[in-house]
Amino acid sequence: MSEEEPRSRCFLVYALAPEGMSASEANDLLNRYIGEPGRGQIVTHDHFIGSPHGGFAVFEVAGENEQAKLGDPGPLNDWELTARPLTFSLTAVGFVAQADFTLRNYGGTSLAELEEAEEPRKRFWWQKPRHQHGG
């Protein structure tokens with residue numbers, strides 16, 4: 001008898017803050033939401049510029065309990081929340097592999113090529129040594 005594969009899939013959560021909420025408060029609340037345990041492994045997130053404020057997050061979800069928790073607004077009470085399963089991103093590693101696949105097959109480049117060609121800029125936090133691979 002073969003061992004059953006664990007159930008996992010990445011979900012994209014799209015979150016819009018209530019009208020009138022400041023960007024700073026919206027960013028803080030989204031960060032609290034993604035930091036709360038029980039929703040699965042957070043893979044990535046970012047915040048929206050302009051109104052309405054909010055952002056998105058991608059979680060690797062391993063089971064029904066974690067999937068149910070995605071819909072629990074926690075600190076995002078009164079926000080508009082949508083959680084959607086992703087087709088090819090079954091794990092966090094799969095999500096990163098899908099980004100690489102998309103860059104190579106639709107963008108005609110790779111992350112390594114983009115990194116090599118990118119000019120240093122003060123606002124590019126990912127270029128700072130503590131944020132680089134293995135740093």
# chains A, B, ... in the order shown; residues from 1 in each chain; ligands from 1

$ residues_around --residues "A:Gly40" --least-positions-apart "5" --cutoff "8 Å" --atoms "only C-alpha atoms" --output "PyMOL selection string"
chain A and resi 59-62+66-67

$ select_by_dssp --residues "chain A" --states "strand (DSSP E)" --output "number ranges by chain"
A: 9-16, 41-47, 54-61, 80-85

$ atom_distance --atom1 "atom CA of A:Arg9" --atom2 "atom CA of A:Leu70"
12.6 Å

$ closest_residue --among "A:Ile34, A:Leu111, A:Leu16, A:Leu90" --to "A:Ser51" --atoms "only C-alpha atoms"
A:Leu16

$ closest_residue --among "A:Ala112, A:Gly54, A:Trp126, A:Gly94" --to "A:Ala23" --atoms "only C-alpha atoms"
A:Gly54

$ closest_residue --among "A:Leu114, A:Tyr106, A:Ser22, A:Arg32" --to "A:Gly50" --atoms "only C-alpha atoms"
A:Ser22

$ closest_residue --among "A:Gly107, A:Arg121, A:Ala57, A:Glu116" --to "A:Thr82" --atoms "only C-alpha atoms"
A:Ala57

$ residues_around --residues "A:Pro18" --least-positions-apart "5" --cutoff "10 Å" --atoms "only C-alpha atoms" --output "list in words"
Ala26, Ser51, Pro52, His53, Gly54, Leu76, Asn77, Asp78, Trp79 and Glu80 of chain A

$ write_last_selection --atoms "C-alpha atoms" --output "PDB file, in the first residue's frame"
ATOM      1  CA  ALA A  26      -4.196  48.880   6.688  1.00  0.00           C
ATOM      2  CA  SER A  51      -7.301  53.567  -2.356  1.00  0.00           C
ATOM      3  CA  PRO A  52      -8.746  51.287  -1.393  1.00  0.00           C
ATOM      4  CA  HIS A  53      -5.854  50.151   0.778  1.00  0.00           C
ATOM      5  CA  GLY A  54      -5.183  46.516   1.441  1.00  0.00           C
ATOM      6  CA  LEU A  76      -9.321  42.316   9.209  1.00  0.00           C
ATOM      7  CA  ASN A  77     -12.860  42.628  10.513  1.00  0.00           C
ATOM      8  CA  ASP A  78     -15.009  44.682   8.072  1.00  0.00           C
ATOM      9  CA  TRP A  79     -12.509  44.073   5.255  1.00  0.00           C
ATOM     10  CA  GLU A  80     -13.447  42.510   1.926  1.00  0.00           C
TER      11      GLU A  80
END

$ select_by_dssp --residues "chain A" --states "alpha helix (DSSP H)" --output "ChimeraX atom specification"
/A:23-35,64-70,92-105,111-117

$ write_last_selection --atoms "C-alpha atoms" --output "short mmCIF file (atom, residue, chain, number, x, y, z; two decimals), in the first residue's frame"
data_model
loop_
_atom_site.label_atom_id
_atom_site.label_comp_id
_atom_site.auth_asym_id
_atom_site.auth_seq_id
_atom_site.Cartn_x
_atom_site.Cartn_y
_atom_site.Cartn_z
CA ALA A 23 -2.51 53.12 4.51
CA SER A 24 -0.44 52.74 7.66
CA GLU A 25 -3.28 51.13 9.63
CA ALA A 26 -4.20 48.88 6.69
CA ASN A 27 -0.58 47.73 6.33
CA ASP A 28 -0.30 47.01 10.06
CA LEU A 29 -3.55 45.02 10.11
CA LEU A 30 -2.63 42.96 7.03
CA ASN A 31 0.74 42.18 8.64
CA ARG A 32 -1.07 41.02 11.78
CA TYR A 33 -3.40 38.80 9.70
CA ILE A 34 -0.53 37.07 7.91
CA GLY A 35 1.40 36.68 11.17
CA GLU A 64 -9.19 21.91 5.94
CA ASN A 65 -8.55 23.68 9.27
CA GLU A 66 -5.96 26.01 7.73
CA GLN A 67 -8.20 26.61 4.71
CA ALA A 68 -11.13 27.52 6.98
CA LYS A 69 -8.91 29.92 8.94
CA LEU A 70 -8.13 31.87 5.72
CA ALA A 92 5.59 27.31 -1.25
CA VAL A 93 8.38 25.83 -3.37
CA GLY A 94 5.85 25.24 -6.17
CA PHE A 95 4.79 28.91 -5.98
CA VAL A 96 8.39 30.06 -6.46
CA ALA A 97 8.86 27.49 -9.24
CA GLN A 98 5.73 28.83 -10.97
CA ALA A 99 7.16 32.37 -10.82
CA ASP A 100 10.41 31.08 -12.35
CA PHE A 101 8.48 29.13 -15.02
CA THR A 102 6.46 32.25 -15.92
CA LEU A 103 9.56 34.44 -16.18
CA ARG A 104 11.33 31.92 -18.41
CA ASN A 105 8.42 30.83 -20.61
CA LEU A 111 15.20 35.94 -12.07
CA ALA A 112 19.00 35.61 -12.19
CA GLU A 113 19.14 37.63 -15.43
CA LEU A 114 16.86 40.30 -14.00
CA GLU A 115 18.94 40.52 -10.81
CA GLU A 116 22.14 40.86 -12.81
CA ALA A 117 20.71 43.65 -15.00
#
